[in-house]
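What's in protein_11.txt: compact mmCIF, C-alpha atoms and all ligand atoms
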# COMPACT_ATOMS: atom_id res chain seq x y z
CA MET Z 1 0.00 0.00 0.00
CA PRO Z 2 1.28 3.54 -0.71
CA ILE Z 3 1.95 5.84 2.26
CA VAL Z 4 -1.23 6.85 4.08
CA ILE Z 5 -1.16 9.30 6.99
CA ALA Z 6 -4.32 9.37 9.13
CA ILE Z 7 -5.00 12.48 11.21
CA ASP Z 8 -7.97 12.49 13.56
CA GLY Z 9 -9.15 14.68 16.40
CA PRO Z 10 -11.91 16.98 17.61
CA ALA Z 11 -13.16 20.08 15.80
CA ALA Z 12 -10.81 23.05 15.38
CA ALA Z 13 -7.76 21.27 16.83
CA GLY Z 14 -5.63 22.37 13.88
CA LYS Z 15 -5.81 19.07 11.97
CA GLY Z 16 -6.41 20.72 8.59
CA THR Z 17 -3.44 23.07 8.77
CA LEU Z 18 -1.19 20.25 9.95
CA ALA Z 19 -2.45 17.79 7.37
CA ARG Z 20 -2.02 20.22 4.50
CA ARG Z 21 1.56 21.03 5.53
CA LEU Z 22 2.47 17.38 6.06
CA ALA Z 23 1.06 16.52 2.63
CA ALA Z 24 3.12 19.27 0.99
CA GLU Z 25 6.26 18.23 2.88
CA LEU Z 26 5.88 14.54 2.01
CA GLY Z 27 4.62 15.09 -1.56
CA LEU Z 28 1.28 13.37 -0.90
CA PRO Z 29 -2.27 14.31 -1.98
CA TYR Z 30 -4.45 15.72 0.83
CA LEU Z 31 -8.11 15.03 1.56
CA ASP Z 32 -10.12 16.96 4.16
CA THR Z 33 -12.78 14.28 4.82
CA GLY Z 34 -14.89 16.71 6.89
CA LEU Z 35 -15.75 18.36 3.57
CA LEU Z 36 -17.53 15.17 2.47
CA TYR Z 37 -19.87 15.30 5.47
CA ARG Z 38 -20.28 19.06 5.09
CA ALA Z 39 -21.24 18.67 1.41
CA VAL Z 40 -23.74 15.93 2.27
CA GLY Z 41 -25.31 18.12 4.97
CA ARG Z 42 -25.50 21.02 2.54
CA ARG Z 43 -27.18 18.87 -0.12
CA VAL Z 44 -29.85 17.81 2.39
CA LEU Z 45 -30.46 21.43 3.43
CA ASP Z 46 -30.66 22.48 -0.25
CA GLY Z 47 -33.42 19.94 -0.80
CA GLY Z 48 -35.35 21.29 2.20
CA GLY Z 49 -34.68 18.09 4.18
CA ASP Z 50 -33.61 17.43 7.77
CA PRO Z 51 -29.94 16.36 8.11
CA ARG Z 52 -30.99 13.92 10.86
CA ASP Z 53 -33.27 12.06 8.43
CA PRO Z 54 -31.41 8.84 7.47
CA ALA Z 55 -33.13 8.37 4.09
CA ALA Z 56 -32.54 11.97 2.94
CA ALA Z 57 -28.94 12.01 4.19
CA GLU Z 58 -28.02 8.66 2.66
CA ALA Z 59 -29.53 9.69 -0.70
CA ALA Z 60 -27.50 12.91 -0.58
CA ALA Z 61 -24.32 10.95 0.22
CA ARG Z 62 -24.92 8.58 -2.72
CA ALA Z 63 -25.51 11.55 -5.04
CA LEU Z 64 -22.39 13.40 -3.88
CA ASP Z 65 -20.23 14.76 -6.69
CA PRO Z 66 -16.56 15.68 -6.16
CA SER Z 67 -17.38 19.20 -7.38
CA ASP Z 68 -19.59 19.61 -4.27
CA LEU Z 69 -16.39 19.77 -2.21
CA ALA Z 70 -15.49 23.08 -3.85
CA ARG Z 71 -18.71 24.82 -2.75
CA ASP Z 72 -18.13 28.03 -0.84
CA ASP Z 73 -20.92 27.47 1.70
CA LEU Z 74 -19.50 24.45 3.56
CA ARG Z 75 -18.30 26.41 6.61
CA GLY Z 76 -20.18 28.22 9.34
CA PRO Z 77 -22.52 27.19 12.17
CA GLU Z 78 -25.31 25.83 9.95
CA ALA Z 79 -22.94 23.63 7.93
CA ASP Z 80 -21.14 22.54 11.15
CA ALA Z 81 -24.37 21.29 12.70
CA ALA Z 82 -25.67 19.65 9.50
CA SER Z 83 -22.37 17.82 8.89
CA SER Z 84 -22.26 16.45 12.41
CA ALA Z 85 -25.89 15.27 12.10
CA VAL Z 86 -25.43 13.42 8.79
CA ALA Z 87 -22.14 11.97 10.08
CA ALA Z 88 -24.02 9.98 12.74
CA ILE Z 89 -25.98 8.06 10.08
CA PRO Z 90 -24.39 4.69 9.22
CA GLY Z 91 -25.69 4.72 5.60
CA VAL Z 92 -23.94 8.04 5.02
CA ARG Z 93 -20.65 6.72 6.38
CA SER Z 94 -20.75 3.59 4.25
CA ALA Z 95 -21.65 5.63 1.13
CA LEU Z 96 -18.49 7.74 1.69
CA PHE Z 97 -16.17 4.84 2.54
CA ASP Z 98 -15.05 3.91 -0.99
CA PHE Z 99 -14.40 7.53 -2.00
CA GLN Z 100 -11.97 7.90 0.92
CA ARG Z 101 -10.23 4.54 0.30
CA ASN Z 102 -9.95 5.18 -3.45
CA PHE Z 103 -8.50 8.65 -2.91
CA ALA Z 104 -5.30 7.10 -1.53
CA THR Z 105 -5.01 4.16 -3.92
CA LEU Z 106 -2.75 5.62 -6.56
CA ALA Z 107 -0.31 7.90 -4.81
CA GLY Z 108 -1.05 7.54 -1.09
CA ALA Z 109 -2.51 10.44 0.88
CA VAL Z 110 -2.78 12.47 4.04
CA LEU Z 111 -6.41 12.43 5.25
CA ASP Z 112 -7.90 14.24 8.22
CA GLY Z 113 -11.18 13.49 9.96
CA ARG Z 114 -12.60 11.62 12.94
CA ASP Z 115 -12.36 7.92 11.99
CA ILE Z 116 -9.50 7.78 9.50
CA GLY Z 117 -7.18 5.76 11.75
CA THR Z 118 -9.94 3.63 13.29
CA VAL Z 119 -12.26 2.80 10.37
CA ILE Z 120 -11.20 4.12 6.96
CA PHE Z 121 -7.47 3.28 7.15
CA PRO Z 122 -6.86 1.03 10.16
CA ASP Z 123 -3.81 -0.02 8.10
CA ALA Z 124 -2.42 3.55 7.76
CA SER Z 125 1.36 4.00 7.70
CA ALA Z 126 1.16 6.57 10.53
CA LYS Z 127 -1.70 7.85 12.68
CA LEU Z 128 -1.89 11.10 14.61
CA PHE Z 129 -4.60 12.18 17.05
CA VAL Z 130 -4.46 15.95 17.29
CA THR Z 131 -6.14 17.67 20.23
CA ALA Z 132 -6.22 20.97 22.10
CA SER Z 133 -8.25 22.13 25.08
CA PRO Z 134 -11.83 23.19 24.26
CA SER Z 135 -11.12 26.78 25.31
CA GLU Z 136 -8.06 27.02 23.08
CA ARG Z 137 -9.91 25.46 20.14
CA ALA Z 138 -12.79 27.89 20.65
CA ARG Z 139 -10.36 30.81 20.82
CA ARG Z 140 -8.75 29.79 17.51
CA ARG Z 141 -12.09 29.24 15.77
CA TRP Z 142 -13.34 32.57 17.11
CA LEU Z 143 -10.28 34.39 15.75
CA GLU Z 144 -10.84 32.71 12.39
CA LEU Z 145 -14.51 33.75 12.34
CA ARG Z 146 -13.60 37.29 13.35
CA GLY Z 147 -11.01 37.38 10.58
CA LYS Z 148 -13.81 36.62 8.12
CA GLY Z 149 -15.83 39.49 9.52
CA ALA Z 150 -18.31 37.29 11.40
CA ASP Z 151 -19.82 38.65 14.59
CA ALA Z 152 -19.34 35.73 17.01
CA GLU Z 153 -19.14 35.35 20.80
CA VAL Z 154 -16.28 33.15 22.03
CA ALA Z 155 -18.59 31.49 24.59
CA THR Z 156 -21.08 30.55 21.85
CA VAL Z 157 -18.28 29.18 19.67
CA GLU Z 158 -17.02 27.05 22.58
CA ARG Z 159 -20.51 25.73 23.36
CA GLU Z 160 -21.08 24.75 19.72
CA LEU Z 161 -17.67 23.05 19.54
CA ARG Z 162 -18.33 21.07 22.72
CA ASP Z 163 -21.80 20.03 21.49
CA ARG Z 164 -20.42 18.87 18.16
CA ASP Z 165 -17.55 16.92 19.78
CA ALA Z 166 -19.99 15.29 22.19
CA ARG Z 167 -22.22 14.22 19.28
CA ASP Z 168 -19.24 13.02 17.21
CA ALA Z 169 -17.83 11.02 20.14
CA ALA Z 170 -21.14 9.55 21.33
CA ARG Z 171 -22.45 8.19 18.04
CA ALA Z 172 -22.61 4.41 17.67
CA THR Z 173 -20.93 4.25 14.24
CA ALA Z 174 -17.29 5.33 13.90
CA PRO Z 175 -17.21 7.62 16.95
CA LEU Z 176 -14.43 10.15 17.42
CA ARG Z 177 -11.67 8.40 19.37
CA PRO Z 178 -7.94 7.82 19.00
CA ALA Z 179 -6.81 4.59 17.33
CA GLU Z 180 -4.81 2.41 19.73
CA ASP Z 181 -1.65 3.00 17.72
CA ALA Z 182 -2.19 6.74 17.16
CA ILE Z 183 0.39 9.25 18.37
CA GLU Z 184 -1.37 11.98 20.34
CA ILE Z 185 -0.31 15.59 19.84
CA ASP Z 186 -1.80 18.22 22.13
CA THR Z 187 -1.41 21.58 20.38
CA SER Z 188 -2.87 23.71 23.23
CA ASP Z 189 0.53 25.25 23.99
CA LEU Z 190 2.07 24.96 20.52
CA ASP Z 191 1.99 27.49 17.72
CA ALA Z 192 1.37 26.25 14.15
CA GLU Z 193 5.09 25.83 13.43
CA ALA Z 194 5.82 23.89 16.63
CA ALA Z 195 2.76 21.67 16.03
CA PHE Z 196 3.94 20.97 12.50
CA GLN Z 197 7.47 20.08 13.65
CA ALA Z 198 6.09 17.74 16.32
CA ALA Z 199 3.78 16.06 13.81
CA LEU Z 200 6.47 15.72 11.16
CA ALA Z 201 8.90 14.18 13.65
CA ALA Z 202 6.23 11.72 14.82
CA VAL Z 203 5.33 10.72 11.27
CA ARG Z 204 8.99 10.31 10.26
CA ARG Z 205 9.55 8.07 13.29
CA ARG Z 206 6.63 5.87 12.26
CA LEU Z 207 7.67 5.75 8.60
CA GLY Z 208 11.13 4.69 9.76
O1 LIG F 301 -13.51 18.19 10.32
P1 LIG F 301 -14.80 18.99 10.17
O2 LIG F 301 -15.08 19.89 11.33
O3 LIG F 301 -14.86 19.72 8.86
O4 LIG F 301 -15.97 17.88 10.14
C1 LIG F 301 -17.33 18.22 10.05
C2 LIG F 301 -18.16 17.15 10.70
O5 LIG F 301 -18.10 15.93 9.93
C3 LIG F 301 -17.73 16.75 12.11
O6 LIG F 301 -18.54 17.36 13.10
C4 LIG F 301 -17.88 15.26 12.17
C5 LIG F 301 -17.96 14.81 10.75
N1 LIG F 301 -16.80 14.01 10.31
C6 LIG F 301 -16.84 12.67 10.58
O7 LIG F 301 -17.76 12.18 11.24
N2 LIG F 301 -15.85 11.87 10.12
C7 LIG F 301 -14.83 12.38 9.41
N3 LIG F 301 -13.88 11.55 8.95
C8 LIG F 301 -14.76 13.77 9.17
C9 LIG F 301 -15.76 14.57 9.65
Would you mind writing the file out in structure tokens?
Ligand code: DC
Amino acid sequence: MPIVIAIDGPAAAGKGTLARRLAAELGLPYLDTGLLYRAVGRRVLDGGGDPRDPAAAEAAARALDPSDLARDDLRGPEADAASSAVAAIPGVRSALFDFQRNFATLAGAVLDGRDIGTVIFPDASAKLFVTASPSERARRRWLELRGKGADAEVATVERELRDRDARDAARATAPLRPAEDAIEIDTSDLDAEAAFQAALAAVRRRLG
């Protein structure tokens, strides 16, 4: 199997930034798997459906087109909540399984998500579980929202993050949790550069 790096962790822990930099450093394609669930949630909302409805969500997942991942309305509180709701539906997860496996077939990949090391690539070459304290994650997400001109309260951002993590970790299918062989990186006290260096060193150790 080509090199596959699995990066999991809770919302806004810095997985995306890390994954993108690792992919560039190692010359691997990168897939943000959260976008798949976001695009499915968005499709359900577009059709006037409820993202918690298994039939509507599974149909949206089966109809997903790669071009959906380039939509510009996949971020923000509404998309956050819809993605987390569709992600709890087993039919949605199985509909997205092959897309994620196939993405890495040719040239390997770095993928970030919630179940990459546990379900999608239990055979990954290296697995990282990236975390940070809820207050630090909320602070970072709040700064990001503010940077985009959004008018958000840090307490509201933290409450929504905690709710989403609780839902992602409590679901029966592919809950958010570290794989047994994942290397945990807590980025609470690390800036982006230090987090990247720690992740790169951990991956290089695993790749040998
Ligand atoms: O990583 P993100 O915040 O963009 O993910 C959005 C939602 O999708 C998240 O709340 C849980 C779900 N998700 C998932 O269940 N499994 C993945 N591999 C990626 C995301």
Ligand LIG 301 (chain F) neighbours within 6 Å using all atoms listed in the file, as a ChimeraX atom specification
/Z:11,33-35,37-38,80,83-84,87,113-116,164,168
For Gly48 in chain Z, which residue out of Z:Ala60, Z:Val119, Z:Val110, Z:Leu18 is the nearest one, using all atoms listed in the file?
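The shortest atom-to-atom distance to Gly48 in chain Z comes from Z:Ala60.
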Within 12 Å of Phe129 in chain Z, counting all atoms listed in the file, which residues qualify if same-chain residues fewer than 6 places away don't, as an MDAnalysis selection string?
chainID Z and resid 5:11 13:15 18:19 111:118 176:187 199 202:203
In Å, rounded to a single decimal, give me how far CA of Arg62 in chain Z is from CA of Val86 in chain Z.
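CA of Arg62 in chain Z lies at a distance of 12.5 Å from CA of Val86 in chain Z.
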Distance of CA of Asp163 in chain Z from CA of Glu58 in chain Z, expressed in Å to one decimal place:
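Computed distance, CA of Glu58 in chain Z to CA of Asp163 in chain Z, equals 22.9 Å.
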Which polymer residues have any atom within 12 Å of an atom of Asp98 in chain Z, counting all atoms listed in the file, with same-chain residues fewer than 3 positions away left out, as a VMD selection string?
chain Z and resid 61 to 62 92 to 95 101 to 105 119 to 121
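The space separating CA of Gly108 in chain Z from CA of Ile89 in chain Z comes to 27.3 Å.
Here the question is which of Z:Arg75, Z:Arg162, Z:Arg42, Z:Arg167 gets nearest to Glu144 in chain Z using all atoms listed in the file, and that residue is Z:Arg75.
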Residue contacts of Leu45 in chain Z (10 Å, all atoms listed in the file) excluding same-chain residues fewer than 2 positions away, as a PyMOL selection string:
chain Z and resi 39-43+47-51+56-57+60+78-79+82
Excluding Leu26 in chain Z and any residue of its chain fewer than 3 positions from it, enumerate the residues within 10 Å of it, using all atoms listed in the file, and give them as a list in words.
Ile3, Arg21, Leu22, Ala23, Pro29, Ala109, Val110, Leu200 and Arg204 of chain Z
Could you give me, as a PyMOL selection string, the residues within 10 Å of Arg139 in chain Z, counting only C-alpha atoms and dropping anything in the same chain fewer than 6 positions from it?
chain Z and resi 12+133+145+153-155+157-158
For range 116-141 of chain Z, supply N, CA and C atoms and report the output as a CSV table (one decimal), in the frame of the given file.
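Now in rebuild.csv:
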chain,number,residue,atom,x,y,z
Z,116,ILE,N,-10.4,8.2,10.6
Z,116,ILE,CA,-9.5,7.8,9.5
Z,116,ILE,C,-8.6,6.6,10.0
Z,117,GLY,N,-8.1,6.8,11.2
Z,117,GLY,CA,-7.2,5.8,11.8
Z,117,GLY,C,-7.9,4.6,12.3
Z,118,THR,N,-9.2,4.7,12.7
Z,118,THR,CA,-9.9,3.6,13.3
Z,118,THR,C,-10.7,2.8,12.3
Z,119,VAL,N,-11.3,3.5,11.3
Z,119,VAL,CA,-12.3,2.8,10.4
Z,119,VAL,C,-11.8,2.8,8.9
Z,120,ILE,N,-11.5,4.0,8.4
Z,120,ILE,CA,-11.2,4.1,7.0
Z,120,ILE,C,-9.8,3.5,6.6
Z,121,PHE,N,-8.8,3.8,7.4
Z,121,PHE,CA,-7.5,3.3,7.2
Z,121,PHE,C,-6.9,2.7,8.4
Z,122,PRO,N,-7.5,1.6,9.0
Z,122,PRO,CA,-6.9,1.0,10.2
Z,122,PRO,C,-5.4,0.6,9.9
Z,123,ASP,N,-5.1,0.4,8.6
Z,123,ASP,CA,-3.8,0.0,8.1
Z,123,ASP,C,-2.9,1.2,7.7
Z,124,ALA,N,-3.2,2.4,8.1
Z,124,ALA,CA,-2.4,3.6,7.8
Z,124,ALA,C,-1.0,3.4,8.2
Z,125,SER,N,-0.1,4.1,7.4
Z,125,SER,CA,1.4,4.0,7.7
Z,125,SER,C,1.7,4.7,9.0
Z,126,ALA,N,1.0,5.8,9.3
Z,126,ALA,CA,1.2,6.6,10.5
Z,126,ALA,C,-0.2,7.2,10.9
Z,127,LYS,N,-0.4,7.3,12.2
Z,127,LYS,CA,-1.7,7.8,12.7
Z,127,LYS,C,-1.4,8.9,13.7
Z,128,LEU,N,-2.0,10.1,13.6
Z,128,LEU,CA,-1.9,11.1,14.6
Z,128,LEU,C,-3.3,11.4,15.2
Z,129,PHE,N,-3.3,11.7,16.5
Z,129,PHE,CA,-4.6,12.2,17.0
Z,129,PHE,C,-4.3,13.6,17.6
Z,130,VAL,N,-4.8,14.6,17.0
Z,130,VAL,CA,-4.5,16.0,17.3
Z,130,VAL,C,-5.6,16.6,18.2
Z,131,THR,N,-5.2,17.1,19.3
Z,131,THR,CA,-6.1,17.7,20.2
Z,131,THR,C,-5.7,19.0,20.7
Z,132,ALA,N,-6.6,19.8,21.3
Z,132,ALA,CA,-6.2,21.0,22.1
Z,132,ALA,C,-7.4,21.2,23.1
Z,133,SER,N,-7.2,22.0,24.1
Z,133,SER,CA,-8.2,22.1,25.1
Z,133,SER,C,-9.4,22.8,24.4
Z,134,PRO,N,-10.7,22.6,24.9
Z,134,PRO,CA,-11.8,23.2,24.3
Z,134,PRO,C,-11.7,24.7,24.2
Z,135,SER,N,-11.2,25.3,25.3
Z,135,SER,CA,-11.1,26.8,25.3
Z,135,SER,C,-10.1,27.3,24.3
Z,136,GLU,N,-9.0,26.6,24.1
Z,136,GLU,CA,-8.1,27.0,23.1
Z,136,GLU,C,-8.6,26.8,21.7
Z,137,ARG,N,-9.3,25.7,21.5
Z,137,ARG,CA,-9.9,25.5,20.1
Z,137,ARG,C,-11.0,26.5,19.8
Z,138,ALA,N,-11.7,26.9,20.8
Z,138,ALA,CA,-12.8,27.9,20.6
Z,138,ALA,C,-12.1,29.2,20.3
Z,139,ARG,N,-11.0,29.5,21.1
Z,139,ARG,CA,-10.4,30.8,20.8
Z,139,ARG,C,-9.9,30.9,19.4
Z,140,ARG,N,-9.3,29.8,18.9
Z,140,ARG,CA,-8.8,29.8,17.5
Z,140,ARG,C,-9.9,29.9,16.5
Z,141,ARG,N,-11.0,29.2,16.7
Z,141,ARG,CA,-12.1,29.2,15.8
Z,141,ARG,C,-12.7,30.6,15.8
